[in-house]
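**Q** This structure is in structure tokens; I'll ask about it shortly.
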Amino acid sequence: MTRYERETSTTADGNSMALKKVFVKTYGCQMNVYDSERMIESLTPVGYRETHSIEDADVIVLNTCHIREKAAEKVYSELGRIRQIKAERQARGQRTTIAVAGCVAQAEGQEIMERAPIVDMVVGPQSYQKLPELVFEAETEGRKIIKLDFPERDKFQDLPSRRSPQAATAFLTVQEGCNKFCTFCVVPYTRGMEYSRPVEQVVREARSLVDGGVREITLLGQNVNAYHGEGRDGADWSLARLLAALGELEGLERLRYTTSHPNDMTDDLIAAHRDNPKLMPYLHLPFQAGSDRILAAMNRKHTAASYRLLIDRIREARPDLALSTDIIVGFPGETDAEFADTLRMVEDVGFAQAYSFKYSPRPGTPASMLEEQLPEDVQSERLHRLQALLGQQQSAFNASCVGQVMPVLFERFGRNDGQLVGRSPYLQAVHADASDTLLGGIHPVEIAGANRHSLAGIIV
């Protein structure tokens, strides 16, 4: 037994003799939400429990995102606030261990240590399964730790079983990394190449979630529809086959997946939207830009026309499908005419929801070194016009739901007394006056009102 194992051994009921508290703040995508949950679960067997008060935490973890420039700066701003908390705790004789994890950690490991000396450890997204022993080393040896390697061993094998999420919905990472190398994206550098978890490992985790009360699972991946995990027959299974296997789980009512690449929308996955009754009629499928020249500069490997044809095929398989997408405006060299191509794409396709951003150069990516970086005011003006169009489409889609009766999965309490909030099959937030007994279940709701961001309903 190592010193770490000996000194962190637990009692018979699984609790450490000296219980400590961990606070995790999550930035960015759904995958970071999943990773944060797993970090907390990894620390639980060695005597930590989650706290929602950062001032009470013995260990503070910032699980970071590196997609947008401002997201990274928010981390450094938060570390400035944490410095004061750490000093106040130290004055009371309390030790505080600070960890920066996630994609900013992977991209800026040494720089974080230099800019924020209060940080005790920097842990990349492929190494957080080692968090318990890294915290132990930082606390007992008093040294700075940077852990940014990409281990050959599957990190998911070293994580404990999922704890009950105390919720009706859950995220489940099935794929990580990306081989596409879009010129604006840092994912291949911070998350590595594509890796897909084995089918049985995913099904086992999903079954544990369902046994804990989860009714809807969203499968996650940086490029989730490129999933190719080892199946029960030893062959690589597609995402469609994985969805079919998960659909057999009794008690699991709904399945979703995000995020996808147009080039990986295979025939069997399109057919799954028609044939798998548990797969919700909602698809997030980024196109990023409507100009073929810009798409080529982004290394997207699809064209505007191929995206339109793909959408036609998907809608033929599932006519009631609601679409969501990602769009970048102001990519280096984008002209007014090329931005107009993007607006035309949005008008032609029609989206129920969308995420739109100004181009932000990420250090080390090919696009960051391109000439013709556009001025901030040009980017802002284009984003404003795009978001106005997207807002109209989202409002129109929500308004079209008024009068329909939809099955709503109620997830949480609303702001008002006697109110619950749930999700429609199209991922819209639905508010309704309802009994607490409906929480965690799926119930028919007549949609009585709509705005851009939510629906109001009446229990049928």
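Going through the structure tokens in order, the chains are called A, B, and so on, while each chain numbers its residues from 1 and the ligands are numbered from 1 in the order shown.
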Under the rule of at most 12 Å, produce a per-residue listing of stretch 270-317 of chain A near stretch 362-381 of chain A: chain, number, name, the closest pair of atoms, and the distance in Å, as JSON lines, using only C-alpha atoms.
**A**
```
{"residue": "A:Ile294", "atom": "CA", "partner": "A:Ala367", "partner_atom": "CA", "distance": 11.1}
{"residue": "A:Leu295", "atom": "CA", "partner": "A:Ala367", "partner_atom": "CA", "distance": 12.0}
{"residue": "A:Ala296", "atom": "CA", "partner": "A:Ala367", "partner_atom": "CA", "distance": 11.6}
{"residue": "A:Ala297", "atom": "CA", "partner": "A:Ala367", "partner_atom": "CA", "distance": 8.1}
{"residue": "A:Met298", "atom": "CA", "partner": "A:Ala367", "partner_atom": "CA", "distance": 7.5}
{"residue": "A:Asn299", "atom": "CA", "partner": "A:Ala367", "partner_atom": "CA", "distance": 9.9}
```
**Q** Next, write the just-selected residues to a file, as a compact mmCIF listing (two decimals), in the first residue's frame, keeping N, CA and C atoms as the atom set.
**A**
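Wrote it out as again-v5.txt, contents follow:
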```txt
# COMPACT_ATOMS: atom_id res chain seq x y z
N ILE A 294 -15.22 30.52 -46.85
CA ILE A 294 -14.96 30.58 -45.41
C ILE A 294 -14.96 29.17 -44.82
N LEU A 295 -15.87 28.32 -45.23
CA LEU A 295 -15.89 26.94 -44.74
C LEU A 295 -14.58 26.23 -45.07
N ALA A 296 -14.04 26.47 -46.26
CA ALA A 296 -12.75 25.86 -46.62
C ALA A 296 -11.63 26.42 -45.75
N ALA A 297 -11.67 27.73 -45.49
CA ALA A 297 -10.66 28.34 -44.62
C ALA A 297 -10.76 27.81 -43.20
N MET A 298 -11.96 27.45 -42.79
CA MET A 298 -12.17 26.85 -41.47
C MET A 298 -11.80 25.36 -41.43
N ASN A 299 -11.54 24.77 -42.60
CA ASN A 299 -11.27 23.33 -42.72
C ASN A 299 -12.46 22.49 -42.27
```
**Q** Quick one: everything within 9 Å of stretch 206-218 of chain A, counting only C-alpha atoms, minus sequence neighbours fewer than 6 positions away in the same chain. Send it as a ChimeraX atom specification.
**A** /A:161-173,246,249-258,409,440-442
**Q** Would you compute the distance between atom CA of A:Val186 and atom CA of A:Leu283? Give it in Å to one decimal.
**A**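 About the pair atom CA of A:Val186 and atom CA of A:Leu283: they are 23.3 Å apart.
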**Q** Which residue is closest to A:Asp275? Choose from A:Leu383, A:Ala305, A:Val405, A:Ala317 and count only C-alpha atoms.
**A**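 Going through A:Leu383, A:Ala305, A:Val405, A:Ala317 one by one, the smallest distance to A:Asp275 is for A:Ala317.
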**Q** So that I can see what lies close to stretch 230-239 of chain A, please list as a list in words the residues with an atom at most 6 Å from it, counting only C-alpha atoms and leaving out residues fewer than 4 positions away in the same chain.
**A** Pro198, Val199 and Asn225 of chain A
**Q** For stretch 388-401 of chain A, list every protein, DNA or RNA residue within 9 Å, evaluated using only C-alpha atoms, and leave out those in the same chain fewer than 6 positions away; present the list as a list in words.
**A** Ala322, Leu343, Val346, Glu347, Gly350, Phe351, Ala352, Gln353, Ala354, Ser356, Gln428, Ile447, Ala448, Gly449, Ala450, Asn451, Arg452, His453, Ser454 and Leu455 of chain A
**Q** Could you find all residues in stretch 124-370 of chain A that DSSP calls alpha helix (DSSP H) from the backbone, and write them as a VMD selection string?
**A** chain A and resid 131 to 141 187 to 190 199 to 211 239 to 247 267 to 275 292 to 297 304 to 317 336 to 349
**Q** Next, write the just-selected residues to a file, as a tab-separated table (two decimals), in the first residue's frame, keeping C-alpha atoms as the atom set.
**A**
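What follows is the written file part.tsv:
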```
chain	number	residue	atom	x	y	z
A	131	LEU	CA	-7.27	14.29	-8.65
A	132	PRO	CA	-7.39	12.48	-5.25
A	133	GLU	CA	-3.70	11.57	-5.26
A	134	LEU	CA	-2.70	14.93	-6.73
A	135	VAL	CA	-4.55	16.77	-3.96
A	136	PHE	CA	-2.86	14.50	-1.43
A	137	GLU	CA	0.59	15.23	-2.88
A	138	ALA	CA	-0.05	18.98	-2.97
A	139	GLU	CA	-1.18	19.02	0.66
A	140	THR	CA	1.46	16.70	2.13
A	141	GLU	CA	4.49	17.65	0.04
A	187	VAL	CA	-10.21	20.91	-29.03
A	188	PRO	CA	-7.65	18.62	-30.73
A	189	TYR	CA	-4.91	20.33	-28.72
A	190	THR	CA	-6.67	20.37	-25.34
A	199	VAL	CA	-20.37	0.15	-25.43
A	200	GLU	CA	-20.69	-1.95	-22.28
A	201	GLN	CA	-18.93	0.70	-20.19
A	202	VAL	CA	-21.42	3.31	-21.42
A	203	VAL	CA	-24.44	1.05	-20.92
A	204	ARG	CA	-23.30	0.18	-17.40
A	205	GLU	CA	-23.00	3.85	-16.47
A	206	ALA	CA	-26.36	4.64	-18.05
A	207	ARG	CA	-28.02	1.82	-16.14
A	208	SER	CA	-26.59	3.19	-12.89
A	209	LEU	CA	-28.03	6.63	-13.69
A	210	VAL	CA	-31.45	5.20	-14.50
A	211	ASP	CA	-31.45	3.16	-11.29
A	239	LEU	CA	-23.59	6.08	-32.41
A	240	ALA	CA	-26.85	4.76	-33.85
A	241	ARG	CA	-26.13	1.25	-32.54
A	242	LEU	CA	-25.18	2.64	-29.15
A	243	LEU	CA	-28.44	4.62	-29.03
A	244	ALA	CA	-30.35	1.44	-29.90
A	245	ALA	CA	-28.67	-0.45	-27.04
A	246	LEU	CA	-29.42	2.36	-24.57
A	247	GLY	CA	-33.00	2.46	-25.81
A	267	ASP	CA	-27.28	6.82	-42.85
A	268	ASP	CA	-27.97	4.70	-39.77
A	269	LEU	CA	-27.90	7.75	-37.50
A	270	ILE	CA	-30.38	9.59	-39.72
A	271	ALA	CA	-32.56	6.46	-39.67
A	272	ALA	CA	-32.32	6.38	-35.86
A	273	HIS	CA	-34.16	9.71	-35.73
A	274	ARG	CA	-37.00	7.94	-37.52
A	275	ASP	CA	-36.87	4.53	-35.83
A	292	ASP	CA	-17.92	27.91	-49.13
A	293	ARG	CA	-14.70	29.93	-49.14
A	294	ILE	CA	-14.96	30.58	-45.41
A	295	LEU	CA	-15.89	26.94	-44.74
A	296	ALA	CA	-12.75	25.86	-46.62
A	297	ALA	CA	-10.66	28.34	-44.62
A	304	ALA	CA	-23.20	25.08	-47.81
A	305	ALA	CA	-24.99	22.98	-50.42
A	306	SER	CA	-24.03	19.66	-48.79
A	307	TYR	CA	-25.34	20.95	-45.45
A	308	ARG	CA	-28.67	21.91	-47.01
A	309	LEU	CA	-29.01	18.51	-48.68
A	310	LEU	CA	-28.17	16.78	-45.39
A	311	ILE	CA	-30.88	18.75	-43.58
A	312	ASP	CA	-33.38	17.72	-46.27
A	313	ARG	CA	-32.51	14.05	-45.70
A	314	ILE	CA	-32.80	14.35	-41.92
A	315	ARG	CA	-36.14	16.14	-42.12
A	316	GLU	CA	-37.42	13.54	-44.55
A	317	ALA	CA	-36.64	10.90	-41.89
A	336	ASP	CA	-20.05	41.41	-46.45
A	337	ALA	CA	-21.18	39.09	-49.26
A	338	GLU	CA	-19.91	36.02	-47.39
A	339	PHE	CA	-21.69	37.10	-44.23
A	340	ALA	CA	-24.84	37.49	-46.35
A	341	ASP	CA	-24.36	33.82	-47.34
A	342	THR	CA	-24.58	32.92	-43.65
A	343	LEU	CA	-27.80	34.91	-43.22
A	344	ARG	CA	-29.20	33.17	-46.32
A	345	MET	CA	-28.35	29.77	-44.86
A	346	VAL	CA	-30.23	30.61	-41.66
A	347	GLU	CA	-33.24	31.81	-43.67
A	348	ASP	CA	-33.23	28.70	-45.88
A	349	VAL	CA	-32.86	26.11	-43.12
```
**Q** Determine, counting only C-alpha atoms, which protein, DNA and RNA residues have an atom within 12 Å of an atom of stretch 95-98 of chain A; residues of the same chain fewer than 3 positions away are not included. Present the result as a PDB file with N, CA and C atoms, in the first residue's frame.
**A**
```
ATOM      1  N   LYS A  20     -13.706  16.371   4.617  1.00  0.00           N
ATOM      2  CA  LYS A  20     -13.356  17.675   4.083  1.00  0.00           C
ATOM      3  C   LYS A  20     -14.359  18.067   3.004  1.00  0.00           C
ATOM      4  N   LYS A  21     -14.255  19.327   2.542  1.00  0.00           N
ATOM      5  CA  LYS A  21     -15.218  19.851   1.581  1.00  0.00           C
ATOM      6  C   LYS A  21     -14.525  20.279   0.301  1.00  0.00           C
ATOM      7  N   VAL A  22     -15.202  20.035  -0.841  1.00  0.00           N
ATOM      8  CA  VAL A  22     -14.679  20.428  -2.135  1.00  0.00           C
ATOM      9  C   VAL A  22     -15.719  21.289  -2.852  1.00  0.00           C
ATOM     10  N   PHE A  23     -15.240  22.365  -3.458  1.00  0.00           N
ATOM     11  CA  PHE A  23     -16.087  23.253  -4.256  1.00  0.00           C
ATOM     12  C   PHE A  23     -15.575  23.225  -5.689  1.00  0.00           C
ATOM     13  N   VAL A  24     -16.470  22.956  -6.654  1.00  0.00           N
ATOM     14  CA  VAL A  24     -16.089  22.936  -8.059  1.00  0.00           C
ATOM     15  C   VAL A  24     -16.923  23.956  -8.817  1.00  0.00           C
ATOM     16  N   LYS A  25     -16.238  24.861  -9.517  1.00  0.00           N
ATOM     17  CA  LYS A  25     -16.917  25.821 -10.378  1.00  0.00           C
ATOM     18  C   LYS A  25     -16.679  25.420 -11.825  1.00  0.00           C
ATOM     19  N   ILE A  54     -17.987  28.485  -1.502  1.00  0.00           N
ATOM     20  CA  ILE A  54     -16.555  28.485  -1.788  1.00  0.00           C
ATOM     21  C   ILE A  54     -15.737  28.850  -0.563  1.00  0.00           C
ATOM     22  N   GLU A  55     -16.310  29.655   0.340  1.00  0.00           N
ATOM     23  CA  GLU A  55     -15.580  30.058   1.550  1.00  0.00           C
ATOM     24  C   GLU A  55     -15.351  28.898   2.501  1.00  0.00           C
ATOM     25  N   ASP A  56     -16.156  27.827   2.393  1.00  0.00           N
ATOM     26  CA  ASP A  56     -16.031  26.679   3.298  1.00  0.00           C
ATOM     27  C   ASP A  56     -15.154  25.565   2.742  1.00  0.00           C
ATOM     28  N   ALA A  57     -14.679  25.718   1.511  1.00  0.00           N
ATOM     29  CA  ALA A  57     -14.038  24.603   0.823  1.00  0.00           C
ATOM     30  C   ALA A  57     -12.573  24.430   1.210  1.00  0.00           C
ATOM     31  N   ASP A  58     -12.206  23.187   1.463  1.00  0.00           N
ATOM     32  CA  ASP A  58     -10.803  22.836   1.673  1.00  0.00           C
ATOM     33  C   ASP A  58     -10.084  22.676   0.332  1.00  0.00           C
ATOM     34  N   VAL A  59     -10.832  22.271  -0.680  1.00  0.00           N
ATOM     35  CA  VAL A  59     -10.295  22.155  -2.040  1.00  0.00           C
ATOM     36  C   VAL A  59     -11.217  22.925  -2.977  1.00  0.00           C
ATOM     37  N   ILE A  60     -10.651  23.818  -3.776  1.00  0.00           N
ATOM     38  CA  ILE A  60     -11.404  24.581  -4.764  1.00  0.00           C
ATOM     39  C   ILE A  60     -10.886  24.203  -6.141  1.00  0.00           C
ATOM     40  N   VAL A  61     -11.805  23.773  -7.017  1.00  0.00           N
ATOM     41  CA  VAL A  61     -11.444  23.379  -8.378  1.00  0.00           C
ATOM     42  C   VAL A  61     -12.180  24.280  -9.359  1.00  0.00           C
ATOM     43  N   LEU A  62     -11.440  24.913 -10.251  1.00  0.00           N
ATOM     44  CA  LEU A  62     -12.043  25.657 -11.357  1.00  0.00           C
ATOM     45  C   LEU A  62     -11.896  24.798 -12.602  1.00  0.00           C
ATOM     46  N   ASN A  63     -13.024  24.294 -13.108  1.00  0.00           N
ATOM     47  CA  ASN A  63     -13.010  23.437 -14.291  1.00  0.00           C
ATOM     48  C   ASN A  63     -13.278  24.316 -15.511  1.00  0.00           C
ATOM     49  N   GLU A  78     -11.535  35.154 -11.371  1.00  0.00           N
ATOM     50  CA  GLU A  78     -12.015  34.361 -10.235  1.00  0.00           C
ATOM     51  C   GLU A  78     -10.870  34.002  -9.297  1.00  0.00           C
ATOM     52  N   LEU A  79      -9.698  33.708  -9.857  1.00  0.00           N
ATOM     53  CA  LEU A  79      -8.541  33.381  -9.023  1.00  0.00           C
ATOM     54  C   LEU A  79      -8.137  34.572  -8.153  1.00  0.00           C
ATOM     55  N   GLY A  80      -8.355  35.783  -8.649  1.00  0.00           N
ATOM     56  CA  GLY A  80      -8.086  36.963  -7.828  1.00  0.00           C
ATOM     57  C   GLY A  80      -8.983  37.008  -6.613  1.00  0.00           C
ATOM     58  N   ILE A  82     -10.398  34.349  -5.248  1.00  0.00           N
ATOM     59  CA  ILE A  82     -10.054  33.194  -4.421  1.00  0.00           C
ATOM     60  C   ILE A  82      -8.810  33.469  -3.580  1.00  0.00           C
ATOM     61  N   ARG A  83      -7.909  34.300  -4.091  1.00  0.00           N
ATOM     62  CA  ARG A  83      -6.704  34.636  -3.323  1.00  0.00           C
ATOM     63  C   ARG A  83      -7.070  35.211  -1.962  1.00  0.00           C
ATOM     64  N   GLN A  84      -8.086  36.081  -1.939  1.00  0.00           N
ATOM     65  CA  GLN A  84      -8.530  36.671  -0.679  1.00  0.00           C
ATOM     66  C   GLN A  84      -9.152  35.620   0.234  1.00  0.00           C
ATOM     67  N   ILE A  85      -9.950  34.725  -0.359  1.00  0.00           N
ATOM     68  CA  ILE A  85     -10.567  33.649   0.428  1.00  0.00           C
ATOM     69  C   ILE A  85      -9.502  32.754   1.043  1.00  0.00           C
ATOM     70  N   LYS A  86      -8.492  32.426   0.263  1.00  0.00           N
ATOM     71  CA  LYS A  86      -7.431  31.564   0.763  1.00  0.00           C
ATOM     72  C   LYS A  86      -6.677  32.242   1.909  1.00  0.00           C
ATOM     73  N   ALA A  87      -6.439  33.541   1.775  1.00  0.00           N
ATOM     74  CA  ALA A  87      -5.732  34.281   2.826  1.00  0.00           C
ATOM     75  C   ALA A  87      -6.543  34.321   4.109  1.00  0.00           C
ATOM     76  N   GLU A  88      -7.845  34.547   3.989  1.00  0.00           N
ATOM     77  CA  GLU A  88      -8.708  34.607   5.174  1.00  0.00           C
ATOM     78  C   GLU A  88      -8.772  33.255   5.868  1.00  0.00           C
ATOM     79  N   ARG A  89      -8.838  32.181   5.097  1.00  0.00           N
ATOM     80  CA  ARG A  89      -8.863  30.845   5.691  1.00  0.00           C
ATOM     81  C   ARG A  89      -7.525  30.527   6.358  1.00  0.00           C
ATOM     82  N   GLN A  90      -6.443  30.943   5.717  1.00  0.00           N
ATOM     83  CA  GLN A  90      -5.118  30.693   6.287  1.00  0.00           C
ATOM     84  C   GLN A  90      -4.965  31.417   7.620  1.00  0.00           C
ATOM     85  N   ALA A  91      -5.535  32.617   7.726  1.00  0.00           N
ATOM     86  CA  ALA A  91      -5.472  33.374   8.985  1.00  0.00           C
ATOM     87  C   ALA A  91      -6.205  32.650  10.098  1.00  0.00           C
ATOM     88  N   ARG A  92      -7.181  31.817   9.733  1.00  0.00           N
ATOM     89  CA  ARG A  92      -7.927  31.030  10.730  1.00  0.00           C
ATOM     90  C   ARG A  92      -7.310  29.647  10.935  1.00  0.00           C
ATOM     91  N   ALA A 101      -8.473  23.095 -13.521  1.00  0.00           N
ATOM     92  CA  ALA A 101      -8.614  21.912 -14.362  1.00  0.00           C
ATOM     93  C   ALA A 101      -9.235  22.307 -15.706  1.00  0.00           C
ATOM     94  N   ILE A 112      -0.476  29.680 -16.056  1.00  0.00           N
ATOM     95  CA  ILE A 112      -1.385  29.813 -14.909  1.00  0.00           C
ATOM     96  C   ILE A 112      -0.590  29.915 -13.619  1.00  0.00           C
ATOM     97  N   MET A 113       0.397  29.060 -13.466  1.00  0.00           N
ATOM     98  CA  MET A 113       1.223  29.083 -12.259  1.00  0.00           C
ATOM     99  C   MET A 113       1.942  30.426 -12.098  1.00  0.00           C
ATOM    100  N   ALA A 116      -0.870  33.266 -11.485  1.00  0.00           N
ATOM    101  CA  ALA A 116      -1.660  33.107 -10.255  1.00  0.00           C
ATOM    102  C   ALA A 116      -0.912  32.173  -9.300  1.00  0.00           C
ATOM    103  N   PRO A 117       0.028  32.699  -8.536  1.00  0.00           N
ATOM    104  CA  PRO A 117       0.836  31.859  -7.637  1.00  0.00           C
ATOM    105  C   PRO A 117       0.036  31.128  -6.565  1.00  0.00           C
ATOM    106  N   ILE A 118      -1.216  31.542  -6.325  1.00  0.00           N
ATOM    107  CA  ILE A 118      -2.006  30.836  -5.309  1.00  0.00           C
ATOM    108  C   ILE A 118      -2.419  29.448  -5.780  1.00  0.00           C
ATOM    109  N   VAL A 119      -2.327  29.177  -7.071  1.00  0.00           N
ATOM    110  CA  VAL A 119      -2.740  27.875  -7.608  1.00  0.00           C
ATOM    111  C   VAL A 119      -1.746  26.805  -7.188  1.00  0.00           C
ATOM    112  N   ASP A 120      -2.275  25.715  -6.654  1.00  0.00           N
ATOM    113  CA  ASP A 120      -1.430  24.610  -6.200  1.00  0.00           C
ATOM    114  C   ASP A 120      -1.234  23.548  -7.267  1.00  0.00           C
ATOM    115  N   MET A 121      -2.231  23.380  -8.137  1.00  0.00           N
ATOM    116  CA  MET A 121      -2.102  22.351  -9.171  1.00  0.00           C
ATOM    117  C   MET A 121      -2.880  22.740 -10.415  1.00  0.00           C
ATOM    118  N   VAL A 122      -2.370  22.280 -11.542  1.00  0.00           N
ATOM    119  CA  VAL A 122      -3.019  22.455 -12.840  1.00  0.00           C
ATOM    120  C   VAL A 122      -3.207  21.061 -13.421  1.00  0.00           C
ATOM    121  N   VAL A 123      -4.454  20.729 -13.760  1.00  0.00           N
ATOM    122  CA  VAL A 123      -4.803  19.364 -14.171  1.00  0.00           C
ATOM    123  C   VAL A 123      -5.574  19.409 -15.483  1.00  0.00           C
ATOM    124  N   LEU A 131      -7.105  13.158  -9.562  1.00  0.00           N
ATOM    125  CA  LEU A 131      -7.270  14.288  -8.653  1.00  0.00           C
ATOM    126  C   LEU A 131      -7.067  13.912  -7.179  1.00  0.00           C
ATOM    127  N   PRO A 132      -7.595  12.792  -6.680  1.00  0.00           N
ATOM    128  CA  PRO A 132      -7.391  12.481  -5.255  1.00  0.00           C
ATOM    129  C   PRO A 132      -5.926  12.396  -4.858  1.00  0.00           C
ATOM    130  N   LEU A 134      -3.360  13.652  -6.492  1.00  0.00           N
ATOM    131  CA  LEU A 134      -2.701  14.931  -6.729  1.00  0.00           C
ATOM    132  C   LEU A 134      -2.987  15.910  -5.597  1.00  0.00           C
ATOM    133  N   VAL A 135      -4.216  15.927  -5.110  1.00  0.00           N
ATOM    134  CA  VAL A 135      -4.553  16.770  -3.959  1.00  0.00           C
ATOM    135  C   VAL A 135      -3.733  16.333  -2.744  1.00  0.00           C
ATOM    136  N   PHE A 136      -3.634  15.036  -2.550  1.00  0.00           N
ATOM    137  CA  PHE A 136      -2.862  14.501  -1.426  1.00  0.00           C
ATOM    138  C   PHE A 136      -1.399  14.944  -1.516  1.00  0.00           C
ATOM    139  N   GLU A 137      -0.808  14.836  -2.698  1.00  0.00           N
ATOM    140  CA  GLU A 137       0.590  15.232  -2.878  1.00  0.00           C
ATOM    141  C   GLU A 137       0.778  16.731  -2.636  1.00  0.00           C
ATOM    142  N   ALA A 138      -0.161  17.531  -3.148  1.00  0.00           N
ATOM    143  CA  ALA A 138      -0.047  18.983  -2.968  1.00  0.00           C
ATOM    144  C   ALA A 138      -0.119  19.359  -1.495  1.00  0.00           C
ATOM    145  N   GLU A 139      -0.980  18.680  -0.750  1.00  0.00           N
ATOM    146  CA  GLU A 139      -1.181  19.016   0.660  1.00  0.00           C
ATOM    147  C   GLU A 139      -0.055  18.500   1.550  1.00  0.00           C
ATOM    148  N   THR A 140       0.460  17.308   1.241  1.00  0.00           N
ATOM    149  CA  THR A 140       1.458  16.705   2.130  1.00  0.00           C
ATOM    150  C   THR A 140       2.883  17.081   1.757  1.00  0.00           C
ATOM    151  N   GLY A 142       3.614  19.897  -0.256  1.00  0.00           N
ATOM    152  CA  GLY A 142       3.716  21.339  -0.403  1.00  0.00           C
ATOM    153  C   GLY A 142       4.373  21.796  -1.687  1.00  0.00           C
ATOM    154  N   ARG A 143       4.195  21.046  -2.762  1.00  0.00           N
ATOM    155  CA  ARG A 143       4.820  21.435  -4.027  1.00  0.00           C
ATOM    156  C   ARG A 143       3.757  21.712  -5.084  1.00  0.00           C
ATOM    157  N   LYS A 144       4.126  22.498  -6.083  1.00  0.00           N
ATOM    158  CA  LYS A 144       3.233  22.793  -7.195  1.00  0.00           C
ATOM    159  C   LYS A 144       3.180  21.594  -8.138  1.00  0.00           C
ATOM    160  N   ILE A 145       1.998  21.319  -8.677  1.00  0.00           N
ATOM    161  CA  ILE A 145       1.812  20.152  -9.532  1.00  0.00           C
ATOM    162  C   ILE A 145       1.193  20.582 -10.856  1.00  0.00           C
TER     163      ILE A 145
END
```
**Q** When you draw a straight line from atom CA of A:Arg318 to atom CA of A:Met265, how long is it in Å?
**A**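 Going from atom CA of A:Arg318 over to atom CA of A:Met265 covers 13.8 Å.
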**Q** Can you list, as a ChimeraX atom specification, all residues belonging to stretch 29-223 of chain A that DSSP tags as strand (DSSP E or B)?
**A** /A:48-50,59-64,97-102,121-123,145-147,169-173,175-176,195-196,216-220
**Q** Atom CA of A:Leu420 and atom CA of A:Ser435 are how many Å apart?
**A**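 Atom CA of A:Leu420 sits 7.9 Å away from atom CA of A:Ser435.
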**Q** Find the residues near A:Phe357: any atom within 12 Å, counting only C-alpha atoms, skip ones fewer than 5 places away on the same chain, and give them as a compact mmCIF listing (two decimals) with N, CA and C atoms, in the first residue's frame.
**A**
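Final output, around_14.txt:
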```txt
# COMPACT_ATOMS: atom_id res chain seq x y z
N ILE A 67 -12.70 27.71 -25.15
CA ILE A 67 -13.27 27.99 -26.47
C ILE A 67 -13.28 29.48 -26.76
N ARG A 68 -13.65 30.29 -25.76
CA ARG A 68 -13.72 31.73 -25.96
C ARG A 68 -12.65 32.44 -25.14
N GLU A 69 -12.15 33.55 -25.65
CA GLU A 69 -11.09 34.29 -24.97
C GLU A 69 -11.54 34.81 -23.61
N LYS A 70 -12.74 35.35 -23.54
CA LYS A 70 -13.22 35.92 -22.29
C LYS A 70 -13.40 34.85 -21.22
N GLN A 288 -21.53 26.60 -38.93
CA GLN A 288 -20.49 27.60 -38.68
C GLN A 288 -20.49 28.78 -39.64
N ALA A 289 -20.66 28.56 -40.95
CA ALA A 289 -20.65 29.68 -41.91
C ALA A 289 -21.37 29.25 -43.18
N THR A 325 -27.94 24.97 -34.01
CA THR A 325 -26.67 25.04 -34.71
C THR A 325 -25.70 25.98 -34.00
N ASP A 326 -24.45 25.98 -34.45
CA ASP A 326 -23.43 26.94 -34.04
C ASP A 326 -23.03 27.76 -35.27
N ILE A 327 -22.82 29.07 -35.07
CA ILE A 327 -22.42 29.94 -36.17
C ILE A 327 -21.35 30.91 -35.67
N ILE A 328 -20.31 31.09 -36.47
CA ILE A 328 -19.24 32.06 -36.18
C ILE A 328 -19.33 33.18 -37.20
N VAL A 329 -19.34 34.42 -36.73
CA VAL A 329 -19.29 35.56 -37.64
C VAL A 329 -17.94 36.25 -37.50
N GLY A 330 -17.52 36.93 -38.57
CA GLY A 330 -16.27 37.69 -38.51
C GLY A 330 -15.03 36.84 -38.57
N PHE A 331 -15.11 35.65 -39.20
CA PHE A 331 -13.90 34.86 -39.40
C PHE A 331 -12.93 35.68 -40.25
N GLN A 379 -17.37 42.83 -36.46
CA GLN A 379 -17.86 41.57 -35.90
C GLN A 379 -19.14 41.79 -35.09
N SER A 380 -19.15 42.83 -34.26
CA SER A 380 -20.30 43.10 -33.39
C SER A 380 -21.54 43.42 -34.21
N GLU A 381 -21.39 44.21 -35.26
CA GLU A 381 -22.53 44.58 -36.09
C GLU A 381 -23.12 43.35 -36.79
N ARG A 382 -22.25 42.48 -37.28
CA ARG A 382 -22.72 41.26 -37.94
C ARG A 382 -23.40 40.32 -36.95
N LEU A 383 -22.82 40.20 -35.77
CA LEU A 383 -23.44 39.32 -34.77
C LEU A 383 -24.82 39.84 -34.38
N HIS A 384 -24.95 41.15 -34.26
CA HIS A 384 -26.25 41.74 -33.91
C HIS A 384 -27.30 41.41 -34.97
N ARG A 385 -26.94 41.53 -36.23
CA ARG A 385 -27.88 41.22 -37.30
C ARG A 385 -28.24 39.75 -37.32
N LEU A 386 -27.26 38.91 -37.14
CA LEU A 386 -27.51 37.47 -37.13
C LEU A 386 -28.41 37.07 -35.97
N GLN A 387 -28.12 37.57 -34.79
CA GLN A 387 -28.90 37.19 -33.62
C GLN A 387 -30.34 37.71 -33.70
```
